[in-house]
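Worksheet: the structure to be examined is printed underneath.
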Amino acid sequence: MPRQSFSDNPLLRVSRPVSACSRCRSAKVKVFLDDICLSPSASADASKCDGKLPACTACEKSGRENECSAANDQFARGKERSYVAALELRIEKLERRLAYARSRKASVAQHESELPPIPEAEGPRKDSLAKIRAAILRKAERKRENSDVSSLIADFGFLSINATTRDFEPSMSSNMTFARLVLAAASNDPLPEVESWRLPSRQQALSVVQYYMNNIYSLFPAFSETLLYATLDQMYAQQDRGINDAEYWLVYMVLAVGSTAQSQSKNDEFYADGLRFVSQALQHADRALMPGYTSQIQSLILFTQYSMLDPAHFDSWHLIGFACRAVIDLGFHQDPPPEQLSDKAVLDMRRKTFYCVYSLDRSISMVHARAFSFTDDAASVAWPRPSSFSRRASMTGKMLSGSEPAFLLFQLRRAQSHWYQALFQSDPTPLPDSSSFIWQMCQDMKEWAEALPNSLPMGMRALFDLEVRYSFVYCIAPSARAPHMTDYGRLLIFEHAIAYLDRIYEVSHSGMNTAFYSYHDALRVFFMASQFIAVLRDAEDILLSGMPIPPPPVEYGKPPPLPLPNRPGGPIIDNLDRSLGCLERTALTLAKYGARWDDSITLKKSYEIISAEIIDRLRVRRQHKQRTSAPQIVSQSVPREMRRAGALEEAVRLPTHSGEGTTSKVGWKKWAPQADLTNRFAESWGDPGPWGDLLAQGESSQAGLCMILYGYDASVFNAAQGSANWLEWFDLDPKTDANLIGLVNTAYTIGAIVAGWFMGGPIADRFGRRIGMASGCILTILATFLQAFAPWHNLGCFIGGRVIIGIGQGMALTAGPVYINEVSPASIRGHIMTFWQLNYSVGSFIAYWIAYACNLHKERLGHWDWRMVVIFQMLAPTMIYILLPFQPESPRWWIKRHNNVEEARKALRKIRETEQEVEEELQGIHEAVEFEKEVVSGSYVALFKDPSVRKRLYLAFVLNVGQQLSGQGTLNSYSSAIYKQIWPSTNTITLINALNATCGILFTLNAVWTADRFGRRWLLFVGAIGMAVCMLIVPVIGLTTPNVPGLDGKGTAKEPGVGIGIVVMLFLFIFFYKPSWGATVWIWTAEVFSLNVRAQAVGMCSQMQNVANTIFQQFFPLFLNNTGLKCLFFFMAINVLLAAFVFFFVPETKQVPLEEIDTLFGGQSHTEKGGHLLNAHDPKDAEAQHSEAPRELKDV
């Protein structure tokens, strides 16, 4: 029998990518090798595939989609780009040839049948020839077929293997799958074997998942949170419904990433758990990474996240490449037509998935300095809806985590992608105007950072701050398209690199990651440190000198250069110490990361090699500087703490007063030995006493007596209006004359406002703080007589006295807090200012107890019951007036107004413990005053001209207005009217007021130990919340309890138990108010302003309290009469708003020196700038000092 022809049964089992036809692809029907399409919805319904494939890329680009599946003029037959179509054409050709051969064979057989029979003797010979002929034909056919197959296979090079092919399905007989291809390309070291693994407890798993959702999912929301929790519940509930491999992968990889992200060492339990989870996930990799599904992209995103945390086992660069190819093959890089995908939620998830891949690709490419997987021009995907990122409830009622930071991260990655492609992935020729391009990119990122919402978690804000600084340095650093670097650009890199490296040091050593930090952060640290070292090598002298570098000029209409960032805490440390500290902390940061990743140890070794030379040079420079610090002129680069050792030497260079009443010019004396200088000080003035802080407290307490005026007067009118004799004397009815009663109280505030805004500041600045307080006391004494002895029914005389007393107290209240802050050391300034508010409570205490005593004897006293209360108002100003001559004037005023250093030194020696403290503070004051004289105006215009001062003024305005609108001002003035709705007895009301004032003293003392321990912001925030709660409870109790008739049968009141409860809550209100908004507002207001505007600003801010009282208390009697206790709900709302204001806008000022406090609000350091000006006054001395410096230092 002849061997069967190869053409009868061609071998078509060739390993090839098989794709569904257009109909089957739209129906998501799988295609098998027998070309039968089975629908998953109706598996019994089988239909033959129509064989028409989607158009290839070449045909789509040429506009011949309809011609792709058949031969045409563009492609020769057999050269089609469709593999299946090529096979079909080849089979058709072979079938035609086979049919032709068979027809020839049949015709030959028919022709031969007509010939005469052949003799049998020749049969074997002819059979042998036929067999030989058939063998030759078969051999030729095989050669032709082999040649055709080889030609077809050679054409495969023109075909692109689509990642969505189903040939990688694990159902095929081959052992190759797409997942195994991915693992083969992206794996580094093999994973360790997992022995006896089991699921963790449900609580532990939920904890890891919650960590992932809060810190990582909020940045990369690539999958449905509902699906994650539903799968997790099914895994622990062990339900019958099957969980597919993609869902197993999702849960295990979330657990792996969440555990590994919390790891601090490669040997800790978190890292070990992460390895176990990823090992379990890889068991489901074949179907989880199956091409052609959205789950493949989501699975690759999770895999990439884990590889960033575990670079020892997986390569993130290859994984993000696979993810990008899957995105492109599935078409996620282009938005679908609107009619194709109408579900907005599905469209948002599709867009989020794309931008997660986009964000990871940009981040990984930049950190490795490689090209992006695809350019921005190749993608066209709109932003997801902002509402899709917000926290919301699911269909089950469970609150889903918000992912607002993700939207912000996507925006930042888009900006980074733009300039990275322009600078590093484009034509290497330099840009025509590279500076303008870079400044515009930096400006865009700066605006993005400034627009970050205040509700952003602190961990995310720190992450974004690091990202922005990293982007600034990356963008400004020299590149092929922007090769030129200016000194200003080097200074920007210097400042941002230090800020980045210092911040990442804190993050790495905090022990807890509150955002997504990975091994790539170690690479970023190495990059930033390299750039920092590079700019130091290029411009070491300029950068370390601390001299200001002007920004480069720009043409009109072009973006300005990026401004320099603010130093945290101000210029306390010079650039030399900052640089050394930064370099040392960078090594510690890389060592910390080395405990997690071995690759970071290599980075640390490389860093030590490149930084060794610069660190040694900086240390030598610092040693020379320390040796020459004693004879040097004051330099802005030397911190105040480092000047302590040379404080006495520097003291001789302060300007002196001539002694004849005129101010001498600034001159610098030569350096003298420290021993001689100390002896001269001891002979002239005597050593400062050991009780400097105690003396400072004593002097401040005397000035604090001015606040007794305010506290007493605020309570005087409250006590007077509660007296029936006072109402009778001036012919007033509380119900019909409510406006007149409000006018009496408003008259005081009008006088105080006028004095505080326009009189107190100028008087205190021109004549001294003591004269300002003394003038206020004299006016208060005169006004007391006008009030106490006002004629019968002459309310105008009483109101006139109230106006004058307001003027006097406005002047005293302006000079008092300024004096206290200027003589108090920074370390105890907070609790000294607490006594300022304490004296307010003392004044209220005296007024209320005197009023209570007079009320008990009102029958005997008659109209003297309210006059006695008013007359005692002279007690405090008389004491202040007597004690003022014995108090030292403010040393800051002596230098600012008269440039009299000797008088300032005398004043400081009375209130400081050591000579070192005296001279150090004297030097700081003189530097600040010198700067303010040269640069800053001291007029009222300066309050609004300087942005940093204007910001402080507005903040202080709000705090002082809020102090009165919190409810305390109203309680002081109208507590008697409020208590009348609860208690019918006047004696009871006066007793409650007296007890309230007594408790106020005790409550204020809490601020003595809390102001400098917890800080100003904490006290203000907690106090506002507490007051809001009290103002909520009091009206609720009053409105939900019934009224009862009064004891005398007139009016109504509350049950005694209810009344006591309301009184207790109002006392609790005072408990929250006194140490917080009572004391701390005065502390904060008096310490935030610079010396040149301190008196004017404090006067204006303190009188904003009276502005609020004037506006509100004029109408409060009507408000109370019409609404009753419901009016307290208004104060509750105000206190909630004040708490929010403090939390978001008010900075902390605890223990910051007054001369350095400007830097907290974006201003300049007056001591640093003043040092420059003082050095400039004597250039000869400066040149002499430089010439005496060691040659080695000048060479450095």
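Going by the structure tokens order, chains are called A, B, ..., each with residues numbered from 1, while ligands are numbered from 1 in the order shown.
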Using backbone DSSP assignments, extract all helix (DSSP H, G or I) residues from region 1019-1075 of chain A; output them as a PyMOL selection string.
-> chain A and resi 1019-1040+1056-1075
Check the smallest atom-to-atom distance from each of A:Ala752, A:Leu491, A:Leu1005, A:Val473 to Ala1108 (chain A) using only C-alpha atoms, then report the winner.
-> A:Ala752
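Taking CA of Ile1062 (chain A) and CA of Gly962 (chain A) as the two end points, the separation is 23.2 Å.
Straight-line separation from CA of Leu618 (chain A) to CA of Ile476 (chain A): 24.7 Å.
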Write out as a PyMOL selection string the residues lying within 9 Å of Tyr819 (chain A), counting only C-alpha atoms and excluding same-chain residues fewer than 2 positions away.
-> chain A and resi 700+703+769-770+815-817+821-824+889-890
Region 266-270 of chain A environment, 9 Å, only C-alpha atoms, sequence neighbours closer than 3 positions dropped, as a VMD selection string | chain A and resid 256 258 to 263 273 to 275 595 to 598
Residue contacts of His333 (chain A) (12 Å, only C-alpha atoms) excluding same-chain residues fewer than 4 positions away, as a ChimeraX atom specification | /A:323-329,350-358,373-382
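The interatomic distance for the pair CA of Tyr979 (chain A) and CA of Ala1024 (chain A) works out to 22.9 Å.
Shortest atom-to-atom contact with Lys592 (chain A) among A:Ala847, A:Pro221, A:Tyr505, A:Pro553: A:Tyr505, counting only C-alpha atoms.
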Can you tell me, as a PyMOL selection string, what residues are no more than 8 Å from Leu300 (chain A) when counting only C-alpha atoms, ignoring any on the same chain fewer than 6 positions away?
-> chain A and resi 289+319-320+322-323
